[in-house]
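my_file_6.csv follows (CSV, C-alpha atoms):
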```csv
chain,number,residue,atom,x,y,z
A,572,MET,CA,18.0,35.4,-21.5
A,573,ILE,CA,16.0,33.0,-19.3
A,574,GLU,CA,12.2,33.1,-19.4
A,575,ILE,CA,9.8,31.0,-17.3
A,576,VAL,CA,6.5,30.6,-19.1
A,577,PRO,CA,3.3,29.1,-17.7
A,578,ALA,CA,2.2,25.9,-19.6
A,579,LYS,CA,-1.5,26.3,-20.2
A,580,SER,CA,-2.3,24.9,-23.6
A,581,ARG,CA,-1.9,21.8,-25.8
A,582,PRO,CA,1.1,23.1,-27.7
A,583,HIS,CA,2.9,23.7,-24.3
A,584,PHE,CA,2.0,20.2,-23.1
A,585,LEU,CA,3.3,18.7,-26.3
A,586,LYS,CA,6.5,20.7,-26.0
A,587,ILE,CA,7.0,19.3,-22.4
A,588,GLU,CA,6.3,15.8,-23.6
A,589,GLU,CA,9.0,16.2,-26.3
A,590,LEU,CA,11.5,17.7,-23.8
A,591,ALA,CA,10.8,14.9,-21.3
A,592,ASP,CA,11.4,12.3,-23.9
A,593,VAL,CA,14.8,13.6,-24.7
A,594,ILE,CA,15.9,14.5,-21.1
A,595,TRP,CA,14.6,11.4,-19.4
A,596,ARG,CA,16.0,9.0,-21.9
A,597,GLU,CA,19.4,10.6,-21.8
A,598,HIS,CA,19.6,11.0,-18.1
A,599,TYR,CA,17.6,8.3,-16.4
A,600,ILE,CA,18.0,5.2,-18.5
A,601,PRO,CA,21.5,4.6,-17.0
A,602,ILE,CA,19.9,5.0,-13.5
A,603,VAL,CA,16.6,3.1,-13.7
A,604,GLY,CA,16.6,1.4,-17.1
A,605,LYS,CA,14.7,1.8,-20.3
A,606,PRO,CA,11.5,-0.1,-19.4
A,607,GLN,CA,10.8,2.1,-16.4
A,608,ILE,CA,11.5,5.3,-18.4
A,609,ASP,CA,9.2,4.2,-21.2
A,610,TYR,CA,6.5,3.5,-18.6
A,611,MET,CA,7.0,6.8,-16.7
A,612,LEU,CA,7.1,8.9,-19.9
A,613,GLU,CA,3.8,7.4,-21.1
A,614,ASN,CA,2.1,7.6,-17.7
A,615,PHE,CA,3.5,10.8,-16.2
A,616,GLN,CA,4.8,13.0,-19.0
A,617,SER,CA,2.5,12.5,-21.9
A,618,GLU,CA,0.3,15.4,-23.0
A,619,GLU,CA,-2.7,13.6,-21.5
A,620,ALA,CA,-0.9,12.9,-18.2
A,621,ILE,CA,0.2,16.5,-17.9
A,622,LYS,CA,-3.4,17.7,-18.5
A,623,ASP,CA,-4.6,15.3,-15.7
A,624,GLN,CA,-1.9,16.6,-13.3
A,625,ILE,CA,-2.9,20.2,-14.0
A,626,ALA,CA,-6.5,19.3,-13.3
A,627,ASN,CA,-5.3,17.9,-9.9
A,628,GLY,CA,-3.4,21.0,-8.8
A,629,PHE,CA,0.0,20.8,-10.5
A,630,GLU,CA,1.4,23.8,-12.3
A,631,TYR,CA,3.8,23.4,-15.2
A,632,PHE,CA,6.2,26.0,-16.6
A,633,LEU,CA,8.4,25.9,-19.7
A,634,LEU,CA,12.0,27.1,-19.4
A,635,LYS,CA,13.3,29.2,-22.3
A,636,TYR,CA,16.8,30.3,-23.0
A,637,ASN,CA,17.3,32.8,-25.8
A,638,GLN,CA,13.8,32.1,-27.0
A,639,LYS,CA,14.4,28.3,-27.2
A,640,HIS,CA,12.5,25.8,-25.0
A,641,VAL,CA,15.2,24.1,-23.0
A,642,GLY,CA,13.4,22.5,-20.0
A,643,TYR,CA,10.5,22.6,-17.7
A,644,ILE,CA,9.4,22.6,-14.1
A,645,SER,CA,6.2,21.4,-12.3
A,646,VAL,CA,5.1,22.3,-8.8
A,647,LYS,CA,2.1,21.6,-6.5
A,648,ARG,CA,0.9,23.6,-3.6
A,649,GLU,CA,0.7,21.5,-0.4
A,650,GLU,CA,-0.4,22.5,3.2
A,651,TYR,CA,3.1,23.6,4.4
A,652,ALA,CA,5.3,23.2,1.3
A,653,LEU,CA,5.5,23.8,-2.4
A,654,PHE,CA,6.3,20.4,-3.9
A,655,LEU,CA,8.8,20.6,-6.7
A,656,SER,CA,7.7,17.7,-8.8
A,657,LYS,CA,9.9,18.2,-11.8
A,658,ILE,CA,12.8,20.4,-12.8
A,659,TYR,CA,14.6,19.3,-16.0
A,660,VAL,CA,17.0,21.1,-18.4
A,661,LEU,CA,18.4,19.7,-21.7
A,662,SER,CA,22.0,18.6,-21.2
A,663,ALA,CA,23.4,21.1,-23.7
A,664,TYR,CA,22.0,24.0,-21.6
A,665,ARG,CA,23.1,22.9,-18.2
A,666,GLY,CA,25.6,25.1,-16.5
A,667,LEU,CA,24.0,28.3,-17.8
A,668,LYS,CA,22.2,29.1,-14.6
A,669,ILE,CA,18.8,28.0,-16.0
A,670,GLY,CA,18.2,25.5,-13.2
A,671,LYS,CA,19.3,28.1,-10.6
A,672,ALA,CA,16.8,30.7,-12.1
A,673,ALA,CA,14.1,28.0,-12.0
A,674,MET,CA,14.8,27.2,-8.3
A,675,HIS,CA,14.7,30.9,-7.5
A,676,PHE,CA,11.3,31.1,-9.3
A,677,VAL,CA,10.0,28.1,-7.3
A,678,GLU,CA,11.2,29.6,-4.0
A,679,LYS,CA,9.5,32.9,-4.8
A,680,LYS,CA,6.3,31.0,-5.7
A,681,ALA,CA,6.4,29.2,-2.3
A,682,GLN,CA,6.8,32.6,-0.6
A,683,ASN,CA,3.9,34.1,-2.6
A,684,TYR,CA,1.8,31.1,-1.4
A,685,GLN,CA,3.0,31.8,2.1
A,686,LEU,CA,4.4,28.3,2.4
A,687,GLU,CA,7.3,27.5,4.8
A,688,GLN,CA,9.2,25.1,2.5
A,689,VAL,CA,10.0,23.8,-0.9
A,690,ARG,CA,10.0,19.9,-0.9
A,691,LEU,CA,11.2,17.6,-3.6
A,692,THR,CA,12.2,14.0,-4.2
A,693,VAL,CA,15.3,12.9,-6.1
A,694,ASN,CA,16.5,9.4,-7.1
A,695,LYS,CA,19.0,8.0,-4.6
A,696,TYR,CA,21.5,7.3,-7.4
A,697,ASN,CA,21.2,10.8,-9.1
A,698,LYS,CA,24.4,12.0,-7.3
A,699,LYS,CA,24.9,15.2,-9.4
A,700,ALA,CA,21.4,16.4,-8.7
A,701,ILE,CA,21.6,15.6,-5.0
A,702,GLU,CA,24.9,17.6,-4.7
A,703,ALA,CA,23.3,20.5,-6.6
A,704,TYR,CA,20.3,20.6,-4.3
A,705,LYS,CA,22.6,20.5,-1.2
A,706,LYS,CA,24.5,23.5,-2.6
A,707,LEU,CA,21.2,25.3,-3.0
A,708,GLY,CA,20.4,24.7,0.7
A,709,PHE,CA,18.2,21.6,0.6
A,710,LYS,CA,18.4,19.1,3.5
A,711,ASN,CA,17.9,15.3,3.0
A,712,ILE,CA,15.2,14.2,5.4
A,713,GLY,CA,15.3,10.5,4.5
A,714,PRO,CA,14.4,7.9,2.0
A,715,LEU,CA,11.1,7.6,0.2
A,716,VAL,CA,10.1,4.5,-1.8
A,717,THR,CA,7.0,4.9,-4.0
A,718,GLU,CA,5.3,2.2,-6.1
A,719,ILE,CA,4.3,3.7,-9.4
A,720,GLY,CA,2.7,0.8,-11.1
A,721,ASN,CA,3.6,-2.0,-13.4
A,722,GLY,CA,6.1,-3.4,-10.8
A,723,PHE,CA,8.2,-0.2,-10.8
A,724,ILE,CA,9.2,1.9,-7.9
A,725,MET,CA,10.8,5.3,-7.3
A,726,ASP,CA,13.7,4.9,-4.9
A,727,ASP,CA,14.2,8.5,-3.8
A,728,TYR,CA,15.4,10.8,-1.0
A,729,GLN,CA,13.1,13.5,0.1
A,730,LEU,CA,14.7,16.9,0.4
A,731,VAL,CA,13.4,20.1,1.9
A,732,LYS,CA,14.4,23.8,2.1
A,733,SER,CA,12.9,26.5,4.3
A,734,VAL,CA,12.0,29.7,2.4
```

Could you write out this file's structure as structure tokens?
Amino acid sequence: MIEIVPAKSRPHFLKIEELADVIWREHYIPIVGKPQIDYMLENFQSEEAIKDQIANGFEYFLLKYNQKHVGYISVKREEYALFLSKIYVLSAYRGLKIGKAAMHFVEKKAQNYQLEQVRLTVNKYNKKAIEAYKKLGFKNIGPLVTEIGNGFIMDDYQLVKSV
């Protein structure tokens, strides 16, 4: 059974930090390298960074499968779109429709906010994720390069889906 639980407290933020450390190191080191992942985990997925993001309008949710924390998502309401900032599932739990359930949750949230789209960014070299988003109806609207500090960039595509 899949549950999506709002992350509202320190234990939730610490769980997300722990999940991010596993998922990001496993998945993204081959794409962007260990130094950038170390930097991003510390600056964007630490308990403190998550608290700051929530204070600035982001919402975090833990993904549970059979009572076990297996991933997380983060969204932010914008003027016309719900920005899907993060959607991550532990590799051992991929293929179990957890990501699909999370995407359905995000689309419903956008509709509840009366927004027209879900928007996300994805690394240009994350081919599996790009294909998965396309299958879910997302359209690539072009590249987006963002400086994130310490000489690092995020070299992404921006994808949108009408809801």

Task: Interatomic distance, atom CA of A:Ala578 to atom CA of A:Phe632 (Å, one decimal) - done: 5.0 Å

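Among the candidates A:Glu702, A:Glu589, A:Asp727, A:Glu574, the residue lying nearest to A:Phe676 is A:Glu574 (atoms considered: all atoms listed in the file).
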
Task: Pick from A:Asn614, A:Asn637, A:Asn627, A:Ser645, whichever lies nearest to A:Ile587 using only C-alpha atoms - done: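 Comparing A:Asn614, A:Asn637, A:Asn627, A:Ser645 against A:Ile587, the winner is A:Ser645.
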
List every residue of stretch 671-733 of chain A that has an atom at most 10 Å from any atom of stretch 660-667 of chain A, and for each one report the closest atom pair and its distance in Å to one decimal, counting all atoms listed in the file, with rows sorted by chain and then by increasing residue number, as JSON lines.
```
{"residue": "A:Lys671", "atom": "CA", "partner": "A:Leu667", "partner_atom": "CA", "distance": 8.6}
{"residue": "A:Ala672", "atom": "CA", "partner": "A:Leu667", "partner_atom": "CA", "distance": 9.5}
{"residue": "A:Ala673", "atom": "CA", "partner": "A:Val660", "partner_atom": "CA", "distance": 9.8}
```

Task: From A:Val731, A:Ile701, A:Met674, A:Ile658, residue lying nearest A:Gln688 [all atoms listed in the file] - done: A:Val731

Task: Given all atoms listed in the file as the counted atoms, nearest of A:Gln638, A:Gln729, A:Ile724, A:Tyr610 to A:Ser656 - done: A:Gln729

Task: Residue nearest A:Lys698 - candidates A:Met611, A:Ile602, A:Ile644, A:Ile625, atoms counted: only C-alpha atoms - done: A:Ile602

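For the residues A:Trp595, A:Phe709, A:Tyr684, A:Tyr659, ranking by smallest atom-to-atom distance to A:Gly642 using all atoms listed in the file places A:Tyr659 first.
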
Identify the residues within 10 Å of coordinate (9.7, 15.9, -4.6) (same frame as the file), considering only C-alpha atoms, and give the answer as a CSV table (one decimal) with C-alpha atoms, keeping the file's coordinate frame.
```csv
chain,number,residue,atom,x,y,z
A,646,VAL,CA,5.1,22.3,-8.8
A,647,LYS,CA,2.1,21.6,-6.5
A,653,LEU,CA,5.5,23.8,-2.4
A,654,PHE,CA,6.3,20.4,-3.9
A,655,LEU,CA,8.8,20.6,-6.7
A,656,SER,CA,7.7,17.7,-8.8
A,657,LYS,CA,9.9,18.2,-11.8
A,658,ILE,CA,12.8,20.4,-12.8
A,689,VAL,CA,10.0,23.8,-0.9
A,690,ARG,CA,10.0,19.9,-0.9
A,691,LEU,CA,11.2,17.6,-3.6
A,692,THR,CA,12.2,14.0,-4.2
A,693,VAL,CA,15.3,12.9,-6.1
A,694,ASN,CA,16.5,9.4,-7.1
A,715,LEU,CA,11.1,7.6,0.2
A,727,ASP,CA,14.2,8.5,-3.8
A,728,TYR,CA,15.4,10.8,-1.0
A,729,GLN,CA,13.1,13.5,0.1
A,730,LEU,CA,14.7,16.9,0.4
A,731,VAL,CA,13.4,20.1,1.9
```

Task: Two-atom distance - atom CA of A:Glu597, atom CA of A:Glu613 (Å) - done: 15.9 Å

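Atom CA of A:Glu618 is positioned 16.9 Å from atom CA of A:Leu634.
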
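When the distance limit is 12 Å and all atoms listed in the file are what count, the residues near A:Gln685, minus those fewer than 3 positions from it on the same chain, are A:Arg648, A:Glu649, A:Glu650, A:Tyr651, A:Ala652, A:Leu653, A:Glu678, A:Lys679, A:Lys680, A:Ala681, A:Gln682, A:Gln688, A:Val689, A:Ser733, A:Val734.
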
Please rebuild stretch 619-645 of chain A with N, CA and C atoms and give the result as an mmCIF file, keeping the file's coordinate frame.
```cif
data_model
loop_
_atom_site.group_PDB
_atom_site.id
_atom_site.type_symbol
_atom_site.label_atom_id
_atom_site.label_comp_id
_atom_site.auth_asym_id
_atom_site.auth_seq_id
_atom_site.Cartn_x
_atom_site.Cartn_y
_atom_site.Cartn_z
ATOM 1 N N GLU A 619 -1.507 13.929 -22.249
ATOM 2 C CA GLU A 619 -2.700 13.600 -21.500
ATOM 3 C C GLU A 619 -2.408 13.539 -19.982
ATOM 4 N N ALA A 620 -1.280 12.951 -19.597
ATOM 5 C CA ALA A 620 -0.900 12.900 -18.200
ATOM 6 C C ALA A 620 -0.687 14.274 -17.601
ATOM 7 N N ILE A 621 -0.084 15.151 -18.380
ATOM 8 C CA ILE A 621 0.200 16.500 -17.900
ATOM 9 C C ILE A 621 -1.169 17.250 -17.716
ATOM 10 N N LYS A 622 -2.100 17.091 -18.652
ATOM 11 C CA LYS A 622 -3.400 17.700 -18.500
ATOM 12 C C LYS A 622 -4.100 17.202 -17.213
ATOM 13 N N ASP A 623 -4.014 15.904 -16.953
ATOM 14 C CA ASP A 623 -4.600 15.300 -15.700
ATOM 15 C C ASP A 623 -3.949 15.894 -14.482
ATOM 16 N N GLN A 624 -2.614 16.018 -14.509
ATOM 17 C CA GLN A 624 -1.900 16.600 -13.300
ATOM 18 C C GLN A 624 -2.323 18.010 -13.083
ATOM 19 N N ILE A 625 -2.440 18.793 -14.129
ATOM 20 C CA ILE A 625 -2.900 20.200 -14.000
ATOM 21 C C ILE A 625 -4.268 20.256 -13.379
ATOM 22 N N ALA A 626 -5.149 19.358 -13.828
ATOM 23 C CA ALA A 626 -6.500 19.300 -13.300
ATOM 24 C C ALA A 626 -6.493 18.948 -11.794
ATOM 25 N N ASN A 627 -5.409 18.317 -11.337
ATOM 26 C CA ASN A 627 -5.300 17.900 -9.900
ATOM 27 C C ASN A 627 -4.347 18.818 -9.139
ATOM 28 N N GLY A 628 -4.135 20.044 -9.605
ATOM 29 C CA GLY A 628 -3.400 21.000 -8.800
ATOM 30 C C GLY A 628 -1.967 21.270 -9.145
ATOM 31 N N PHE A 629 -1.410 20.547 -10.080
ATOM 32 C CA PHE A 629 0.000 20.800 -10.500
ATOM 33 C C PHE A 629 0.015 21.996 -11.428
ATOM 34 N N GLU A 630 1.110 22.730 -11.378
ATOM 35 C CA GLU A 630 1.400 23.800 -12.300
ATOM 36 C C GLU A 630 2.627 23.458 -13.093
ATOM 37 N N TYR A 631 2.601 23.652 -14.393
ATOM 38 C CA TYR A 631 3.800 23.400 -15.200
ATOM 39 C C TYR A 631 4.248 24.726 -15.841
ATOM 40 N N PHE A 632 5.564 24.812 -16.020
ATOM 41 C CA PHE A 632 6.200 26.000 -16.600
ATOM 42 C C PHE A 632 7.288 25.526 -17.569
ATOM 43 N N LEU A 633 7.337 26.157 -18.734
ATOM 44 C CA LEU A 633 8.400 25.900 -19.700
ATOM 45 C C LEU A 633 9.579 26.850 -19.390
ATOM 46 N N LEU A 634 10.781 26.340 -19.522
ATOM 47 C CA LEU A 634 12.000 27.100 -19.400
ATOM 48 C C LEU A 634 12.527 27.463 -20.752
ATOM 49 N N LYS A 635 12.739 28.759 -20.996
ATOM 50 C CA LYS A 635 13.300 29.200 -22.300
ATOM 51 C C LYS A 635 14.600 29.899 -22.075
ATOM 52 N N TYR A 636 15.515 29.637 -22.981
ATOM 53 C CA TYR A 636 16.800 30.300 -23.000
ATOM 54 C C TYR A 636 17.045 30.842 -24.367
ATOM 55 N N ASN A 637 17.194 32.159 -24.455
ATOM 56 C CA ASN A 637 17.300 32.800 -25.800
ATOM 57 C C ASN A 637 16.241 32.371 -26.736
ATOM 58 N N GLN A 638 15.008 32.399 -26.266
ATOM 59 C CA GLN A 638 13.800 32.100 -27.000
ATOM 60 C C GLN A 638 13.615 30.604 -27.376
ATOM 61 N N LYS A 639 14.497 29.727 -26.894
ATOM 62 C CA LYS A 639 14.400 28.300 -27.200
ATOM 63 C C LYS A 639 13.914 27.545 -25.950
ATOM 64 N N HIS A 640 12.958 26.639 -26.126
ATOM 65 C CA HIS A 640 12.500 25.800 -25.000
ATOM 66 C C HIS A 640 13.619 24.816 -24.657
ATOM 67 N N VAL A 641 14.076 24.882 -23.415
ATOM 68 C CA VAL A 641 15.200 24.100 -23.000
ATOM 69 C C VAL A 641 14.931 23.199 -21.768
ATOM 70 N N GLY A 642 13.736 23.333 -21.190
ATOM 71 C CA GLY A 642 13.400 22.500 -20.000
ATOM 72 C C GLY A 642 12.053 22.899 -19.473
ATOM 73 N N TYR A 643 11.751 22.345 -18.304
ATOM 74 C CA TYR A 643 10.500 22.600 -17.700
ATOM 75 C C TYR A 643 10.501 22.297 -16.205
ATOM 76 N N ILE A 644 9.533 22.850 -15.498
ATOM 77 C CA ILE A 644 9.400 22.600 -14.100
ATOM 78 C C ILE A 644 7.869 22.320 -13.819
ATOM 79 N N SER A 645 7.608 21.628 -12.721
ATOM 80 C CA SER A 645 6.200 21.400 -12.300
ATOM 81 C C SER A 645 6.220 21.488 -10.752
#
```
